[in-house]
Amino acid sequence: MERRRRSPCAAVVMAAVAMLAVMPAFPGVAADLSAGYYSSSCPKLESIVRYEVSRKINETVVTIPAVLRLFFHDCLVTGCDASALISSPNDDAEKDAPDNMSLAGDGFDTVNRVKTAVEKACPGVVSCADILALAARDVVSLASGPWWSVELGRLDGLVSKASDVDGKLPGPDMRVTKLAAVFDKHGLSMRDMVALSGAHTVGFAHCTRFTGRLYNYSAGEQTDPSMNKDYAAQLMEACPRDVGKTIAVNMDPVSPIVFDNVYYSNLVNGLGLFTSDQVLYTDGASRRTVEEFAVNQTAFFDAFVSSMVRLGRLGVKAGKDGEVRRDCTAFNH
């Protein structure tokens, strides 16, 4: 059980509750990924993963956003290599970086549980990176979102450094230009960025991540004028000025545990929680895609799946650049 980060369920999870690059951002040997990679070596892999993920979701719905966010944060730093799962006795691994300290423990716990079950069936065969990719697909599917075939064959990375994280991840206060730059360096388009942002249709955020939009926003405005006034008032009630660091609210105030396109309707109505959410609608460069997804869930699902497949190809390790970890939290050596 991951104990370094407790999920904020005990705090407040309000009911109203991270393509192959054209210019690869990561070094490494190109890997041959395929959906049937383990068809002979671990034929029951996908059923094992789905069973364990489902069990974990039944314990806490925080599992859904926790696993999805962990996958994003892993892939965008040094590639999809499970380096975000490493625990360091010196607290200097990727998971110890400031931008990763808010990752919920339930995401790590889910992968570790699945790994234990998979090792019993197929010892030393399946990488933690592939388990995380499958778990990310399954939490989306089990939350009424789309299902897709996950390309497999990744190895686990051999390096995990907190210093590698800085500047690699989207931030809650970023505008569209900076957000697009984060994705563009990996060959991911503006449409990919908007589609992947739709993961905020599930999950929660700590109040301290967005109170700057509620209080003393600017010299002439206390509250961000792009935020729906009624929504701002609800958030102020949940997140007063002196709010504690553990208090959290839903990212999607309408359907927080269902993976759907309501996130985009929320943006159209001024209900984006982060600045980085709401600017997707207020900025003309991304607005048309937001409007499309807001009225067409199938278009969103199709785009999300396509973008997740491309995201899952980033920085894949192969050969001497990786290993199949026995324990997802530690390098074999």
# chains A, B, ... in the order shown; residues from 1 in each chain; ligands from 1
$ residues_around --residues "Glu151 in chain A" --least-positions-apart "6" --cutoff "7 Å" --atoms "only C-alpha atoms" --output "ChimeraX atom specification"
/A:33-35
$ residues_around --residues "Asp91 in chain A" --least-positions-apart "4" --cutoff "12 Å" --atoms "only C-alpha atoms" --output "list in words"
Arg4, Ile86, Ser87, Lys95, Asp96, Ala97, Pro98, Asn100, Met101, Ser160, Lys161, Ala162 and Ser163 of chain A
$ write_last_selection --atoms "all heavy atoms" --output "mmCIF file, in the first residue's frame"
data_model
loop_
_atom_site.group_PDB
_atom_site.id
_atom_site.type_symbol
_atom_site.label_atom_id
_atom_site.label_comp_id
_atom_site.auth_asym_id
_atom_site.auth_seq_id
_atom_site.Cartn_x
_atom_site.Cartn_y
_atom_site.Cartn_z
ATOM 1 N N ARG A 4 2.923 7.223 1.224
ATOM 2 C CA ARG A 4 3.525 8.539 1.261
ATOM 3 C C ARG A 4 2.507 9.636 0.980
ATOM 4 O O ARG A 4 2.611 10.732 1.491
ATOM 5 C CB ARG A 4 4.659 8.634 0.232
ATOM 6 C CG ARG A 4 5.846 7.806 0.596
ATOM 7 C CD ARG A 4 6.976 7.994 -0.379
ATOM 8 N NE ARG A 4 7.505 9.341 -0.301
ATOM 9 C CZ ARG A 4 7.279 10.280 -1.191
ATOM 10 N NH1 ARG A 4 6.494 10.041 -2.222
ATOM 11 N NH2 ARG A 4 7.814 11.472 -1.067
ATOM 12 N N ILE A 86 8.969 4.837 -8.920
ATOM 13 C CA ILE A 86 10.121 4.507 -8.084
ATOM 14 C C ILE A 86 10.089 5.257 -6.756
ATOM 15 O O ILE A 86 9.842 6.462 -6.708
ATOM 16 C CB ILE A 86 11.438 4.830 -8.830
ATOM 17 C CG1 ILE A 86 11.636 3.866 -10.003
ATOM 18 C CG2 ILE A 86 12.637 4.793 -7.890
ATOM 19 C CD1 ILE A 86 11.896 2.433 -9.596
ATOM 20 N N SER A 87 10.347 4.531 -5.675
ATOM 21 C CA SER A 87 10.476 5.129 -4.346
ATOM 22 C C SER A 87 11.960 5.211 -3.996
ATOM 23 O O SER A 87 12.678 4.218 -4.095
ATOM 24 C CB SER A 87 9.743 4.289 -3.303
ATOM 25 O OG SER A 87 8.355 4.314 -3.517
ATOM 26 N N LYS A 95 8.716 10.916 -8.239
ATOM 27 C CA LYS A 95 7.512 11.106 -7.438
ATOM 28 C C LYS A 95 7.715 12.121 -6.315
ATOM 29 O O LYS A 95 6.747 12.622 -5.743
ATOM 30 C CB LYS A 95 7.035 9.769 -6.859
ATOM 31 C CG LYS A 95 7.948 9.180 -5.801
ATOM 32 C CD LYS A 95 7.562 7.765 -5.434
ATOM 33 C CE LYS A 95 6.207 7.659 -4.815
ATOM 34 N NZ LYS A 95 5.923 6.296 -4.309
ATOM 35 N N ASP A 96 8.975 12.439 -5.999
ATOM 36 C CA ASP A 96 9.279 13.386 -4.928
ATOM 37 C C ASP A 96 9.370 14.824 -5.419
ATOM 38 O O ASP A 96 9.522 15.744 -4.619
ATOM 39 C CB ASP A 96 10.602 13.000 -4.255
ATOM 40 C CG ASP A 96 10.575 11.587 -3.695
ATOM 41 O OD1 ASP A 96 9.687 11.310 -2.872
ATOM 42 O OD2 ASP A 96 11.424 10.766 -4.091
ATOM 43 N N ALA A 97 9.298 15.039 -6.729
ATOM 44 C CA ALA A 97 9.348 16.393 -7.279
ATOM 45 C C ALA A 97 8.124 17.182 -6.828
ATOM 46 O O ALA A 97 7.040 16.620 -6.656
ATOM 47 C CB ALA A 97 9.406 16.338 -8.802
ATOM 48 N N PRO A 98 8.258 18.490 -6.615
ATOM 49 C CA PRO A 98 7.111 19.299 -6.179
ATOM 50 C C PRO A 98 5.866 19.126 -7.040
ATOM 51 O O PRO A 98 4.747 19.055 -6.522
ATOM 52 C CB PRO A 98 7.659 20.734 -6.253
ATOM 53 C CG PRO A 98 9.120 20.574 -6.004
ATOM 54 C CD PRO A 98 9.498 19.285 -6.681
ATOM 55 N N ASN A 100 4.834 16.578 -8.466
ATOM 56 C CA ASN A 100 4.245 15.246 -8.311
ATOM 57 C C ASN A 100 3.767 14.959 -6.896
ATOM 58 O O ASN A 100 3.191 13.896 -6.647
ATOM 59 C CB ASN A 100 5.255 14.167 -8.727
ATOM 60 C CG ASN A 100 5.338 13.991 -10.233
ATOM 61 O OD1 ASN A 100 4.413 14.337 -10.957
ATOM 62 N ND2 ASN A 100 6.453 13.466 -10.701
ATOM 63 N N MET A 101 3.981 15.885 -5.990
ATOM 64 C CA MET A 101 3.607 15.624 -4.604
ATOM 65 C C MET A 101 2.104 15.516 -4.398
ATOM 66 O O MET A 101 1.645 14.959 -3.409
ATOM 67 C CB MET A 101 4.182 16.717 -3.694
ATOM 68 C CG MET A 101 5.699 16.716 -3.592
ATOM 69 S SD MET A 101 6.385 15.130 -3.033
ATOM 70 C CE MET A 101 5.806 15.095 -1.336
ATOM 71 N N SER A 160 15.250 7.498 -12.351
ATOM 72 C CA SER A 160 14.121 8.279 -11.846
ATOM 73 C C SER A 160 14.675 9.389 -10.964
ATOM 74 O O SER A 160 15.142 9.146 -9.856
ATOM 75 C CB SER A 160 13.151 7.400 -11.044
ATOM 76 O OG SER A 160 12.063 8.164 -10.566
ATOM 77 N N LYS A 161 14.637 10.631 -11.475
ATOM 78 C CA LYS A 161 15.208 11.756 -10.759
ATOM 79 C C LYS A 161 14.191 12.888 -10.647
ATOM 80 O O LYS A 161 13.580 13.286 -11.637
ATOM 81 C CB LYS A 161 16.462 12.267 -11.469
ATOM 82 C CG LYS A 161 17.598 11.261 -11.543
ATOM 83 C CD LYS A 161 18.874 11.889 -12.077
ATOM 84 C CE LYS A 161 18.723 12.326 -13.517
ATOM 85 N NZ LYS A 161 20.019 12.826 -14.064
ATOM 86 N N ALA A 162 14.042 13.417 -9.451
ATOM 87 C CA ALA A 162 13.113 14.523 -9.239
ATOM 88 C C ALA A 162 13.469 15.717 -10.108
ATOM 89 O O ALA A 162 12.590 16.441 -10.594
ATOM 90 C CB ALA A 162 13.121 14.921 -7.763
ATOM 91 N N SER A 163 14.744 15.917 -10.348
ATOM 92 C CA SER A 163 15.189 17.067 -11.134
ATOM 93 C C SER A 163 14.736 17.009 -12.588
ATOM 94 O O SER A 163 14.729 18.027 -13.280
ATOM 95 C CB SER A 163 16.718 17.181 -11.072
ATOM 96 O OG SER A 163 17.338 16.002 -11.567
#
$ closest_residue --among "A:Gly315, A:Pro256, A:Gly212, A:Gly187" --to "Asp173 in chain A" --atoms "only C-alpha atoms"
A:Gly212
$ residues_around --residues "Gly124 in chain A" --least-positions-apart "4" --cutoff "10 Å" --atoms "only C-alpha atoms" --output "NGL selection string"
:A and (118-120 or 323-327)
$ closest_residue --among "A:Leu311, A:Met236, A:Val249, A:Ala195" --to "Tyr263 in chain A" --atoms "only C-alpha atoms"
A:Ala195
$ closest_residue --among "A:His333, A:His206, A:Lys229, A:Lys317" --to "Asp130 in chain A" --atoms "only C-alpha atoms"
A:Lys317
$ closest_residue --among "A:Leu214, A:Ala93, A:Leu152, A:Val159" --to "Gly322 in chain A" --atoms "only C-alpha atoms"
A:Val159
$ closest_residue --among "A:His200, A:Lys115, A:Arg209, A:Arg154" --to "Thr329 in chain A" --atoms "only C-alpha atoms"
A:Lys115
$ closest_residue --among "A:Val150, A:Leu142, A:Met193, A:Ala84" --to "Gly312 in chain A" --atoms "only C-alpha atoms"
A:Val150
$ residues_around --residues "Gly319 in chain A" --least-positions-apart "3" --cutoff "12 Å" --atoms "only C-alpha atoms" --output "list in words"
Gly28, Val29, Ala30, Ala31, Asp32, Gly153, Arg154, Leu155, Asp156, Gly157, Leu158, Val316, Gly322, Glu323 and Val324 of chain A
$ atom_distance --atom1 "CA of Ala219 in chain A" --atom2 "CA of Thr177 in chain A"
23.8 Å
$ atom_distance --atom1 "CA of Glu94 in chain A" --atom2 "CA of Leu70 in chain A"
11.2 Å
$ atom_distance --atom1 "CA of Leu314 in chain A" --atom2 "CA of Asn296 in chain A"
28.0 Å
$ residues_around --residues "Pro225 in chain A" --least-positions-apart "4" --cutoff "12 Å" --atoms "only C-alpha atoms" --output "list in words"
Arg213, Leu214, Tyr215, Asn216, Tyr217, Ser218, Gly220, Glu221, Lys229, Asp230, Tyr231, Ala232, Gly270, Leu271, Gly272, Thr275, Gln278, Val279 and Thr282 of chain A
$ write_last_selection --atoms "C-alpha atoms" --output "CSV table (one decimal), in the first residue's frame"
chain,number,residue,atom,x,y,z
A,213,ARG,CA,-8.7,32.7,-9.3
A,214,LEU,CA,-11.1,33.4,-6.3
A,215,TYR,CA,-9.3,36.0,-4.2
A,216,ASN,CA,-7.3,39.0,-5.3
A,217,TYR,CA,-7.2,37.9,-8.9
A,218,SER,CA,-6.0,41.3,-10.1
A,220,GLY,CA,-9.4,45.5,-10.6
A,221,GLU,CA,-11.0,42.1,-10.0
A,229,LYS,CA,-20.2,33.9,-10.7
A,230,ASP,CA,-22.4,31.3,-9.0
A,231,TYR,CA,-19.7,28.7,-9.4
A,232,ALA,CA,-17.2,31.1,-7.9
A,270,GLY,CA,-17.5,29.2,-17.2
A,271,LEU,CA,-17.2,26.2,-14.9
A,272,GLY,CA,-13.5,25.4,-15.6
A,275,THR,CA,-7.0,28.7,-15.4
A,278,GLN,CA,-11.0,27.7,-18.7
A,279,VAL,CA,-8.5,29.2,-21.2
A,282,THR,CA,-11.6,31.7,-23.8
$ select_by_dssp --residues "range 105-296 of chain A" --states "helix (DSSP H, G or I)" --output "MDAnalysis selection string"
chainID A and resid 105:121 128:142 162:164 176:184 190:201 207:209 211:213 229:238 262:268 275:282 284:295
$ residues_around --residues "Ala117 in chain A" --least-positions-apart "5" --cutoff "9 Å" --atoms "only C-alpha atoms" --output "PDB file with all heavy atoms, in the first residue's frame"
ATOM      1  N   ILE A  48      -6.660  -9.915 -15.692  1.00  0.00           N
ATOM      2  CA  ILE A  48      -6.116  -9.722 -14.344  1.00  0.00           C
ATOM      3  C   ILE A  48      -6.089  -8.237 -13.999  1.00  0.00           C
ATOM      4  O   ILE A  48      -6.513  -7.814 -12.913  1.00  0.00           O
ATOM      5  CB  ILE A  48      -4.697 -10.321 -14.226  1.00  0.00           C
ATOM      6  CG1 ILE A  48      -4.740 -11.834 -14.375  1.00  0.00           C
ATOM      7  CG2 ILE A  48      -4.057  -9.940 -12.885  1.00  0.00           C
ATOM      8  CD1 ILE A  48      -3.365 -12.479 -14.486  1.00  0.00           C
ATOM      9  N   VAL A  49      -5.591  -7.431 -14.936  1.00  0.00           N
ATOM     10  CA  VAL A  49      -5.504  -5.989 -14.693  1.00  0.00           C
ATOM     11  C   VAL A  49      -6.892  -5.405 -14.454  1.00  0.00           C
ATOM     12  O   VAL A  49      -7.121  -4.674 -13.487  1.00  0.00           O
ATOM     13  CB  VAL A  49      -4.817  -5.274 -15.868  1.00  0.00           C
ATOM     14  CG1 VAL A  49      -4.851  -3.753 -15.658  1.00  0.00           C
ATOM     15  CG2 VAL A  49      -3.377  -5.739 -16.026  1.00  0.00           C
ATOM     16  N   GLU A  52      -8.365  -6.381 -10.980  1.00  0.00           N
ATOM     17  CA  GLU A  52      -7.761  -5.686  -9.849  1.00  0.00           C
ATOM     18  C   GLU A  52      -8.109  -4.202  -9.847  1.00  0.00           C
ATOM     19  O   GLU A  52      -8.338  -3.608  -8.785  1.00  0.00           O
ATOM     20  CB  GLU A  52      -6.242  -5.876  -9.861  1.00  0.00           C
ATOM     21  CG  GLU A  52      -5.783  -7.302  -9.621  1.00  0.00           C
ATOM     22  CD  GLU A  52      -6.157  -7.826  -8.231  1.00  0.00           C
ATOM     23  OE1 GLU A  52      -6.340  -7.001  -7.313  1.00  0.00           O
ATOM     24  OE2 GLU A  52      -6.279  -9.056  -8.090  1.00  0.00           O
ATOM     25  N   ASN A 112       0.688  -1.171  -7.953  1.00  0.00           N
ATOM     26  CA  ASN A 112       1.406  -2.150  -7.138  1.00  0.00           C
ATOM     27  C   ASN A 112       0.563  -3.397  -6.882  1.00  0.00           C
ATOM     28  O   ASN A 112       1.068  -4.526  -6.901  1.00  0.00           O
ATOM     29  CB  ASN A 112       1.836  -1.515  -5.817  1.00  0.00           C
ATOM     30  CG  ASN A 112       2.894  -0.445  -6.012  1.00  0.00           C
ATOM     31  OD1 ASN A 112       3.652  -0.477  -6.983  1.00  0.00           O
ATOM     32  ND2 ASN A 112       2.950   0.510  -5.096  1.00  0.00           N
ATOM     33  N   CYS A 122       2.343 -14.585 -14.063  1.00  0.00           N
ATOM     34  CA  CYS A 122       3.390 -14.517 -15.107  1.00  0.00           C
ATOM     35  C   CYS A 122       4.628 -13.843 -14.528  1.00  0.00           C
ATOM     36  O   CYS A 122       4.906 -12.678 -14.831  1.00  0.00           O
ATOM     37  CB  CYS A 122       2.898 -13.718 -16.311  1.00  0.00           C
ATOM     38  SG  CYS A 122       1.219 -14.092 -16.854  1.00  0.00           S
TER      39      CYS A 122
END
$ select_by_dssp --residues "range 136-315 of chain A" --states "strand (DSSP E)" --output "list in words"
Asp156, Gly157, Phe204, Ala205, His206, Ala248, Val249 and Asn250 of chain A
$ write_last_selection --atoms "all heavy atoms" --output "PDB file, in the first residue's frame"
ATOM      1  N   ASP A 156      10.597  -1.057 -18.294  1.00  0.00           N
ATOM      2  CA  ASP A 156      10.656  -0.072 -17.220  1.00  0.00           C
ATOM      3  C   ASP A 156      11.986   0.663 -17.257  1.00  0.00           C
ATOM      4  O   ASP A 156      13.039   0.060 -17.507  1.00  0.00           O
ATOM      5  CB  ASP A 156      10.479  -0.764 -15.865  1.00  0.00           C
ATOM      6  CG  ASP A 156       9.143  -1.473 -15.753  1.00  0.00           C
ATOM      7  OD1 ASP A 156       8.135  -0.898 -16.204  1.00  0.00           O
ATOM      8  OD2 ASP A 156       9.102  -2.596 -15.207  1.00  0.00           O
ATOM      9  N   GLY A 157      11.937   1.954 -16.988  1.00  0.00           N
ATOM     10  CA  GLY A 157      13.129   2.779 -17.040  1.00  0.00           C
ATOM     11  C   GLY A 157      14.121   2.462 -15.936  1.00  0.00           C
ATOM     12  O   GLY A 157      13.788   1.870 -14.913  1.00  0.00           O
ATOM     13  N   PHE A 204     -10.455  15.315  -8.650  1.00  0.00           N
ATOM     14  CA  PHE A 204     -10.542  16.405  -7.690  1.00  0.00           C
ATOM     15  C   PHE A 204      -9.284  17.258  -7.773  1.00  0.00           C
ATOM     16  O   PHE A 204      -8.288  16.880  -8.388  1.00  0.00           O
ATOM     17  CB  PHE A 204     -10.662  15.838  -6.269  1.00  0.00           C
ATOM     18  CG  PHE A 204      -9.524  14.909  -5.926  1.00  0.00           C
ATOM     19  CD1 PHE A 204      -8.333  15.401  -5.412  1.00  0.00           C
ATOM     20  CD2 PHE A 204      -9.636  13.545  -6.140  1.00  0.00           C
ATOM     21  CE1 PHE A 204      -7.274  14.549  -5.131  1.00  0.00           C
ATOM     22  CE2 PHE A 204      -8.579  12.681  -5.866  1.00  0.00           C
ATOM     23  CZ  PHE A 204      -7.396  13.192  -5.354  1.00  0.00           C
ATOM     24  N   ALA A 205      -9.351  18.414  -7.143  1.00  0.00           N
ATOM     25  CA  ALA A 205      -8.177  19.279  -7.056  1.00  0.00           C
ATOM     26  C   ALA A 205      -8.168  19.958  -5.699  1.00  0.00           C
ATOM     27  O   ALA A 205      -9.231  20.341  -5.175  1.00  0.00           O
ATOM     28  CB  ALA A 205      -8.199  20.328  -8.162  1.00  0.00           C
ATOM     29  N   HIS A 206      -6.986  20.107  -5.134  1.00  0.00           N
ATOM     30  CA  HIS A 206      -6.860  20.806  -3.854  1.00  0.00           C
ATOM     31  C   HIS A 206      -7.122  22.295  -4.042  1.00  0.00           C
ATOM     32  O   HIS A 206      -6.695  22.896  -5.035  1.00  0.00           O
ATOM     33  CB  HIS A 206      -5.467  20.578  -3.263  1.00  0.00           C
ATOM     34  CG  HIS A 206      -5.225  19.152  -2.876  1.00  0.00           C
ATOM     35  ND1 HIS A 206      -4.622  18.247  -3.718  1.00  0.00           N
ATOM     36  CD2 HIS A 206      -5.536  18.475  -1.747  1.00  0.00           C
ATOM     37  CE1 HIS A 206      -4.556  17.068  -3.117  1.00  0.00           C
ATOM     38  NE2 HIS A 206      -5.108  17.177  -1.931  1.00  0.00           N
ATOM     39  N   ALA A 248     -10.183  19.477  -0.835  1.00  0.00           N
ATOM     40  CA  ALA A 248     -10.278  19.345  -2.284  1.00  0.00           C
ATOM     41  C   ALA A 248     -11.724  19.420  -2.749  1.00  0.00           C
ATOM     42  O   ALA A 248     -12.654  19.176  -1.978  1.00  0.00           O
ATOM     43  CB  ALA A 248      -9.659  18.017  -2.730  1.00  0.00           C
ATOM     44  N   VAL A 249     -11.899  19.762  -4.011  1.00  0.00           N
ATOM     45  CA  VAL A 249     -13.224  19.793  -4.635  1.00  0.00           C
ATOM     46  C   VAL A 249     -13.156  19.052  -5.960  1.00  0.00           C
ATOM     47  O   VAL A 249     -12.074  18.783  -6.484  1.00  0.00           O
ATOM     48  CB  VAL A 249     -13.728  21.235  -4.868  1.00  0.00           C
ATOM     49  CG1 VAL A 249     -13.836  21.987  -3.558  1.00  0.00           C
ATOM     50  CG2 VAL A 249     -12.827  21.977  -5.849  1.00  0.00           C
ATOM     51  N   ASN A 250     -14.315  18.760  -6.502  1.00  0.00           N
ATOM     52  CA  ASN A 250     -14.378  18.064  -7.776  1.00  0.00           C
ATOM     53  C   ASN A 250     -13.901  18.943  -8.930  1.00  0.00           C
ATOM     54  O   ASN A 250     -14.196  20.137  -8.981  1.00  0.00           O
ATOM     55  CB  ASN A 250     -15.811  17.614  -8.072  1.00  0.00           C
ATOM     56  CG  ASN A 250     -16.286  16.531  -7.130  1.00  0.00           C
ATOM     57  OD1 ASN A 250     -15.532  15.650  -6.787  1.00  0.00           O
ATOM     58  ND2 ASN A 250     -17.541  16.612  -6.716  1.00  0.00           N
TER      59      ASN A 250
END
